[in-house]
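Visitor: Could you have a look at this structure, given as structure tokens, before my questions?
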Amino acid sequence: MPASSPPIIVFDLDGTLVDTAPDLISALNYVLDREGLAPVPLSAARNMIGAGARKLLERGLEVDGRGVSVGELDRLTADFIDYYAEHIVDGSRPFDGLETALDRLAANGHRFAVCTNKLEWLSKLLLDRLGLTPRFAAICGQDTFGVAKPDPAFLRETVARAGGKLPGAIMVGDAGPDVGVARRAQVPVIGVDFGYTDVPMTELKPDRLISHMRDLPAAVAALIAA
């Protein structure tokens, strides 16, 4: 990494920057209840998050063995998004230590971007409601470029939109798609072990692993020095 240019740090959103599980699962259970299905407990549903609203719904329906047509899934997804948008920060909060970590990294010259499989407008709405939007040079979702993680084009285009170059980037995420997109784009990745994943982050072997956002600046510094 060029020492003269602090790398752009690209973050996943759900499960990395913000603990969004309470509101996502609330929206899921709203739809399931309307369909006459049992709710999914928050503890069991956390690891269903990460591939977008449509996939979360599919996983929620699968719990009861419910199959739906493409058209029905479209309708349920639209209902989910409408409800979620209205309740997007009822329970969602930044992970502990996030803003202090961003302050420290920004003081060292780093810029930040978001690369998430959440829809772009929902991502911006969430970050805006939490007062975090001004911190990011780019906020990109699965519909921004027509690709999703782990497609490396998604990370490449996100970094470009943030005004950076891919060789000087670091990815931070909580799940397989985040490690996958970083590996395919050939950039280092920091994994967090407090997010949403059905495969433990230790098994995904990120370049650095942290258990609290207070440890992020040191992990970034270690990657730059490596």
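Residue numbering restarts at 1 for every chain of the structure tokens, chains are lettered A, B, ... in their displayed order, and ligands are numbered from 1 as they appear.
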Identify, on the basis of only C-alpha atoms, every residue whose closest approach to Ile88 (chain A) does not exceed 12 Å; exclude the query and any residue fewer than 5 positions from it along the same chain; express the result as number ranges by chain.
Guide: A: 14, 18-27, 80-83, 93, 121-130
Visitor: Skip Ile210 (chain A) itself and residues of its chain fewer than 5 positions away, then list as a PyMOL selection string all residues within 12 Å of it, counting only C-alpha atoms.
Guide: chain A and resi 16+172-174+189-195+201-202+205+215-220
Visitor: Next, dump the selected residues to file, keeping only N, CA, C and O atoms, as a CSV table (one decimal), in the first residue's frame.
Guide:
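out20.csv written:
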```csv
chain,number,residue,atom,x,y,z
A,16,THR,N,-21.9,-5.0,10.6
A,16,THR,CA,-20.5,-4.5,10.7
A,16,THR,C,-20.5,-3.1,11.2
A,16,THR,O,-19.9,-2.9,12.3
A,172,VAL,N,-13.8,-4.2,5.3
A,172,VAL,CA,-14.2,-4.6,6.7
A,172,VAL,C,-15.6,-5.2,6.6
A,172,VAL,O,-16.5,-4.5,6.1
A,173,GLY,N,-15.7,-6.4,7.1
A,173,GLY,CA,-17.1,-7.0,7.0
A,173,GLY,C,-17.2,-8.1,8.0
A,173,GLY,O,-16.3,-8.5,8.8
A,174,ASP,N,-18.4,-8.7,8.0
A,174,ASP,CA,-18.8,-9.7,9.0
A,174,ASP,C,-19.1,-11.1,8.5
A,174,ASP,O,-19.4,-12.0,9.3
A,189,VAL,N,-8.6,-7.8,4.0
A,189,VAL,CA,-9.9,-7.7,4.7
A,189,VAL,C,-9.8,-7.9,6.2
A,189,VAL,O,-9.0,-8.8,6.7
A,190,ILE,N,-10.5,-7.1,6.9
A,190,ILE,CA,-10.6,-7.2,8.4
A,190,ILE,C,-12.0,-7.8,8.7
A,190,ILE,O,-13.0,-7.2,8.2
A,191,GLY,N,-12.0,-8.9,9.4
A,191,GLY,CA,-13.3,-9.5,9.8
A,191,GLY,C,-13.7,-9.1,11.2
A,191,GLY,O,-12.9,-8.9,12.1
A,192,VAL,N,-15.0,-8.9,11.4
A,192,VAL,CA,-15.5,-8.6,12.7
A,192,VAL,C,-16.3,-9.9,13.1
A,192,VAL,O,-17.0,-10.5,12.3
A,193,ASP,N,-16.2,-10.3,14.4
A,193,ASP,CA,-16.8,-11.5,14.8
A,193,ASP,C,-18.1,-11.3,15.6
A,193,ASP,O,-18.6,-12.2,16.2
A,194,PHE,N,-18.7,-10.1,15.5
A,194,PHE,CA,-19.9,-9.8,16.2
A,194,PHE,C,-21.1,-9.6,15.3
A,194,PHE,O,-22.1,-9.1,15.7
A,195,GLY,N,-21.0,-9.9,14.0
A,195,GLY,CA,-22.0,-9.7,13.0
A,195,GLY,C,-22.9,-10.9,12.8
A,195,GLY,O,-23.2,-11.7,13.6
A,201,MET,N,-16.5,-16.3,11.5
A,201,MET,CA,-15.5,-15.5,10.8
A,201,MET,C,-14.1,-16.1,10.9
A,201,MET,O,-13.3,-15.9,10.0
A,202,THR,N,-13.8,-16.8,12.0
A,202,THR,CA,-12.5,-17.4,12.2
A,202,THR,C,-12.3,-18.4,11.1
A,202,THR,O,-11.1,-18.6,10.6
A,205,LYS,N,-11.1,-16.9,7.7
A,205,LYS,CA,-9.7,-16.5,7.6
A,205,LYS,C,-9.4,-15.1,7.0
A,205,LYS,O,-8.7,-15.0,6.0
A,215,ASP,N,-10.8,-1.9,18.3
A,215,ASP,CA,-9.6,-2.6,17.8
A,215,ASP,C,-9.4,-2.3,16.3
A,215,ASP,O,-8.4,-2.7,15.8
A,216,LEU,N,-10.3,-1.6,15.7
A,216,LEU,CA,-10.2,-1.4,14.2
A,216,LEU,C,-9.0,-0.6,13.9
A,216,LEU,O,-8.3,-0.9,12.9
A,217,PRO,N,-8.8,0.6,14.5
A,217,PRO,CA,-7.6,1.4,14.1
A,217,PRO,C,-6.3,0.6,14.1
A,217,PRO,O,-5.4,0.7,13.2
A,218,ALA,N,-6.1,-0.2,15.2
A,218,ALA,CA,-4.9,-1.0,15.3
A,218,ALA,C,-4.8,-2.0,14.2
A,218,ALA,O,-3.7,-2.3,13.7
A,219,ALA,N,-5.9,-2.7,13.8
A,219,ALA,CA,-5.9,-3.7,12.8
A,219,ALA,C,-5.6,-3.0,11.4
A,219,ALA,O,-4.8,-3.6,10.6
A,220,VAL,N,-6.1,-1.8,11.2
A,220,VAL,CA,-5.8,-1.1,10.0
A,220,VAL,C,-4.3,-0.8,9.9
A,220,VAL,O,-3.6,-1.0,8.9
```
Visitor: Taking 3 positions as the minimum chain separation for residues in the same chain, which residues sit within 7 Å of region 150-162 of chain A when counting only C-alpha atoms? Answer as a count of residues only.
Guide: 15
Visitor: CA of Pro39 (chain A) and CA of Gln142 (chain A) are how many Å apart?
Guide: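 Here the two named atoms are 26.7 Å from each other.
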Visitor: Can you work out which one of A:Ile224, A:Gly164, A:Ala78, A:Tyr196 has the shortest atom-to-atom distance to Ser43 (chain A), counting only C-alpha atoms?
Guide: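 That would be A:Tyr196, the residue with the smallest distance to Ser43 (chain A).
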Visitor: May I have the residues within 10 Å of Ala38 (chain A) as number ranges by chain, using only C-alpha atoms and disregarding those fewer than 6 positions away in the same chain?
Guide: A: 29, 32, 60-61, 63-64
Visitor: List as a PyMOL selection string the protein and nucleic acid residues near Pro167 (chain A), meaning an atom at most 10 Å away when only C-alpha atoms are counted, but skip any in the same chain fewer than 6 places from it.
Guide: chain A and resi 1-2+7-8+156+159+185-188
Visitor: Taking the chain letters and numbering used in this document, name the residues of region 28-203 of chain A that DSSP puts in strand (DSSP E or B), as a ChimeraX atom specification.
Guide: /A:93-94,112-115,138-140,169-173,189-192
Visitor: So, with only C-alpha atoms as the atoms that count, which of A:Lys149, A:Lys118, A:Arg34, A:Arg135 lies closest to Gly52 (chain A)?
Guide: A:Lys118
Visitor: Compare A:Ala226, A:Leu209, A:Leu132, A:Leu204 by their minimum atom-to-atom distance to Leu102 (chain A), counting only C-alpha atoms, and give me the closest one.
Guide: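 Using only C-alpha atoms, the shortest distance to Leu102 (chain A) belongs to A:Leu132.
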Visitor: What does the distance between CA of Arg214 (chain A) and CA of Asn47 (chain A) come to in Å, to one decimal place?
Guide: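 Atom-to-atom, CA of Arg214 (chain A) to CA of Asn47 (chain A), that is 23.3 Å.
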Visitor: Would you work out the distance separating CA of Ala53 (chain A) from CA of Gly67 (chain A), expressed in Å to one decimal?
Guide: 16.4 Å
Visitor: When DSSP works through the backbone of this structure, what residues of region 22-215 of chain A end up as helix (DSSP H, G or I), shown as number ranges by chain?
Guide: A: 22-34, 42-48, 53-63, 70-86, 98-107, 120-129, 133-135, 152-161, 166-168, 176-185, 201-204, 213-215
Visitor: Closest to Asp74 (chain A) among A:His87, A:Leu13, A:Leu57, A:Glu99, using only C-alpha atoms?
Guide: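 Distance minimum relative to Asp74 (chain A) lands on A:Leu57.
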